[in-house]
Amino acid sequence: MSRYTYLDIRDEAVKIIQSAFQNKKIKISIEAHAGRFTESEIRRLATKTPAILTSLMQVLDGEGTDNSECRFISWVLVRADNKDKIYDLGLKLTSLLIPVIRTVPNKSAYNATDVKDIEAENLYTGTLDNINISMWAVSWTWKVRSTQLPEGDIAL
């Protein structure tokens, strides 16, 4: 029996997104992120834009029923340039990301069965606009067949 952690599942989601964007003609930073952002962190991350940062935000444990779900947010960050005052690149990347998430493989190492509940939200604010940043939150749920063990591993 293989044993995995939720860290493994998060890293697998990031790897799937990275591989999907490898052949795109956009230079983009794709990596994992711990969760929500502060303004100072967004300022720091602005040097890596455009970027897709994926966070595992919630685990709904199936309590032994092989019915668990992992809720992710893939954050899309872009900086405006002189040609893009209305942050079109953020909308373009979100449009490319959603089909990638929609087709996350059903047969991963974690016996994932389905991706559902994909939602995209524009997080534009005046504060972000003042630092030339546009941000989208693309949330999605990945159903995984797993049982949480007391030591924190996932048995599949």
# chains A, B, ... in the order shown; residues from 1 in each chain; ligands from 1

$ residues_around --residues "Ser29 (chain A)" --least-positions-apart "5" --cutoff "10 Å" --atoms "only C-alpha atoms" --output "mmCIF file with N, CA, C and O atoms, in the first residue's frame"
data_model
loop_
_atom_site.group_PDB
_atom_site.id
_atom_site.type_symbol
_atom_site.label_atom_id
_atom_site.label_comp_id
_atom_site.auth_asym_id
_atom_site.auth_seq_id
_atom_site.Cartn_x
_atom_site.Cartn_y
_atom_site.Cartn_z
ATOM 1 N N GLN A 18 1.940 22.904 -14.328
ATOM 2 C CA GLN A 18 3.225 23.232 -14.960
ATOM 3 C C GLN A 18 3.379 22.533 -16.303
ATOM 4 O O GLN A 18 3.751 23.156 -17.297
ATOM 5 N N PHE A 21 1.348 24.020 -19.175
ATOM 6 C CA PHE A 21 1.772 25.321 -19.681
ATOM 7 C C PHE A 21 3.157 25.278 -20.323
ATOM 8 O O PHE A 21 3.614 26.289 -20.844
ATOM 9 N N LYS A 48 7.773 38.098 -10.056
ATOM 10 C CA LYS A 48 7.647 36.788 -10.705
ATOM 11 C C LYS A 48 6.493 36.720 -11.693
ATOM 12 O O LYS A 48 6.206 35.660 -12.228
ATOM 13 N N THR A 49 5.783 37.812 -11.893
ATOM 14 C CA THR A 49 4.604 37.766 -12.753
ATOM 15 C C THR A 49 5.002 37.728 -14.222
ATOM 16 O O THR A 49 6.088 38.199 -14.565
ATOM 17 N N PRO A 50 4.147 37.178 -15.074
ATOM 18 C CA PRO A 50 2.889 36.527 -14.735
ATOM 19 C C PRO A 50 3.141 35.224 -13.982
ATOM 20 O O PRO A 50 4.145 34.553 -14.206
ATOM 21 N N ALA A 51 2.202 34.901 -13.108
ATOM 22 C CA ALA A 51 2.378 33.717 -12.270
ATOM 23 C C ALA A 51 1.046 33.041 -11.995
ATOM 24 O O ALA A 51 0.002 33.693 -11.941
ATOM 25 N N ILE A 52 1.131 31.712 -11.830
ATOM 26 C CA ILE A 52 0.012 30.928 -11.306
ATOM 27 C C ILE A 52 0.547 30.224 -10.074
ATOM 28 O O ILE A 52 1.484 29.434 -10.162
ATOM 29 N N LEU A 53 -0.024 30.553 -8.924
ATOM 30 C CA LEU A 53 0.412 29.996 -7.645
ATOM 31 C C LEU A 53 -0.746 29.173 -7.088
ATOM 32 O O LEU A 53 -1.849 29.696 -6.911
ATOM 33 N N VAL A 76 -3.915 33.655 -10.048
ATOM 34 C CA VAL A 76 -3.319 34.179 -11.273
ATOM 35 C C VAL A 76 -2.931 35.630 -10.991
ATOM 36 O O VAL A 76 -3.791 36.454 -10.677
ATOM 37 N N LEU A 77 -1.635 35.923 -11.079
ATOM 38 C CA LEU A 77 -1.130 37.276 -10.837
ATOM 39 C C LEU A 77 -0.477 37.811 -12.098
ATOM 40 O O LEU A 77 0.321 37.102 -12.721
#

$ select_by_dssp --residues "chain A" --states "strand (DSSP E)" --output "MDAnalysis selection string"
chainID A and resid 3:4 29:32 51:60 68:79 114:122 133:144 147:148 154:155

$ closest_residue --among "A:Asp114, A:Ser55, A:Thr47, A:Met135" --to "Asp88 (chain A)" --atoms "only C-alpha atoms"
A:Met135

$ atom_distance --atom1 "CA of Ile101 (chain A)" --atom2 "CA of Asp61 (chain A)"
21.2 Å

$ select_by_dssp --residues "region 16-145 of chain A" --states "alpha helix (DSSP H)" --output "ChimeraX atom specification"
/A:16-21,39-45,88-102,126-130

$ decode --residues "region 126-140 of chain A" --atoms "N, CA, C and O atoms" --output "short mmCIF file (atom, residue, chain, number, x, y, z; two decimals), in the first residue's frame"
data_model
loop_
_atom_site.label_atom_id
_atom_site.label_comp_id
_atom_site.auth_asym_id
_atom_site.auth_seq_id
_atom_site.Cartn_x
_atom_site.Cartn_y
_atom_site.Cartn_z
N GLY A 126 -8.65 48.64 -5.86
CA GLY A 126 -7.88 49.86 -6.06
C GLY A 126 -6.48 49.74 -5.49
O GLY A 126 -5.52 50.28 -6.04
N THR A 127 -6.35 49.02 -4.38
CA THR A 127 -5.03 48.81 -3.77
C THR A 127 -4.11 48.06 -4.71
O THR A 127 -2.95 48.45 -4.91
N LEU A 128 -4.62 46.98 -5.32
CA LEU A 128 -3.81 46.23 -6.28
C LEU A 128 -3.52 47.07 -7.52
O LEU A 128 -2.42 47.02 -8.08
N ASP A 129 -4.50 47.85 -7.96
CA ASP A 129 -4.30 48.69 -9.13
C ASP A 129 -3.18 49.71 -8.88
O ASP A 129 -2.40 50.00 -9.77
N ASN A 130 -3.09 50.21 -7.67
CA ASN A 130 -2.05 51.18 -7.34
C ASN A 130 -0.65 50.59 -7.47
O ASN A 130 0.32 51.33 -7.64
N ILE A 131 -0.53 49.27 -7.38
CA ILE A 131 0.78 48.64 -7.55
C ILE A 131 0.85 47.86 -8.87
O ILE A 131 1.71 47.02 -9.06
N ASN A 132 -0.10 48.17 -9.78
CA ASN A 132 -0.14 47.58 -11.13
C ASN A 132 -0.29 46.06 -11.12
O ASN A 132 0.27 45.38 -11.98
N ILE A 133 -1.03 45.52 -10.20
CA ILE A 133 -1.24 44.07 -10.11
C ILE A 133 -2.71 43.75 -10.33
O ILE A 133 -3.59 44.41 -9.80
N SER A 134 -2.94 42.72 -11.12
CA SER A 134 -4.28 42.16 -11.28
C SER A 134 -4.20 40.72 -10.78
O SER A 134 -3.21 40.03 -10.99
N MET A 135 -5.26 40.27 -10.12
CA MET A 135 -5.24 38.95 -9.51
C MET A 135 -6.59 38.27 -9.70
O MET A 135 -7.64 38.88 -9.52
N TRP A 136 -6.53 37.01 -10.10
CA TRP A 136 -7.72 36.17 -10.20
C TRP A 136 -7.55 34.99 -9.26
O TRP A 136 -6.43 34.48 -9.10
N ALA A 137 -8.63 34.53 -8.66
CA ALA A 137 -8.62 33.32 -7.83
C ALA A 137 -9.47 32.27 -8.55
O ALA A 137 -10.67 32.46 -8.73
N VAL A 138 -8.83 31.19 -8.99
CA VAL A 138 -9.55 30.10 -9.66
C VAL A 138 -9.61 28.96 -8.64
O VAL A 138 -8.61 28.32 -8.33
N SER A 139 -10.79 28.74 -8.09
CA SER A 139 -10.95 27.70 -7.07
C SER A 139 -11.53 26.45 -7.72
O SER A 139 -12.29 26.53 -8.68
N TRP A 140 -11.13 25.30 -7.17
CA TRP A 140 -11.58 24.03 -7.74
C TRP A 140 -11.42 22.93 -6.69
O TRP A 140 -10.63 23.03 -5.76
#
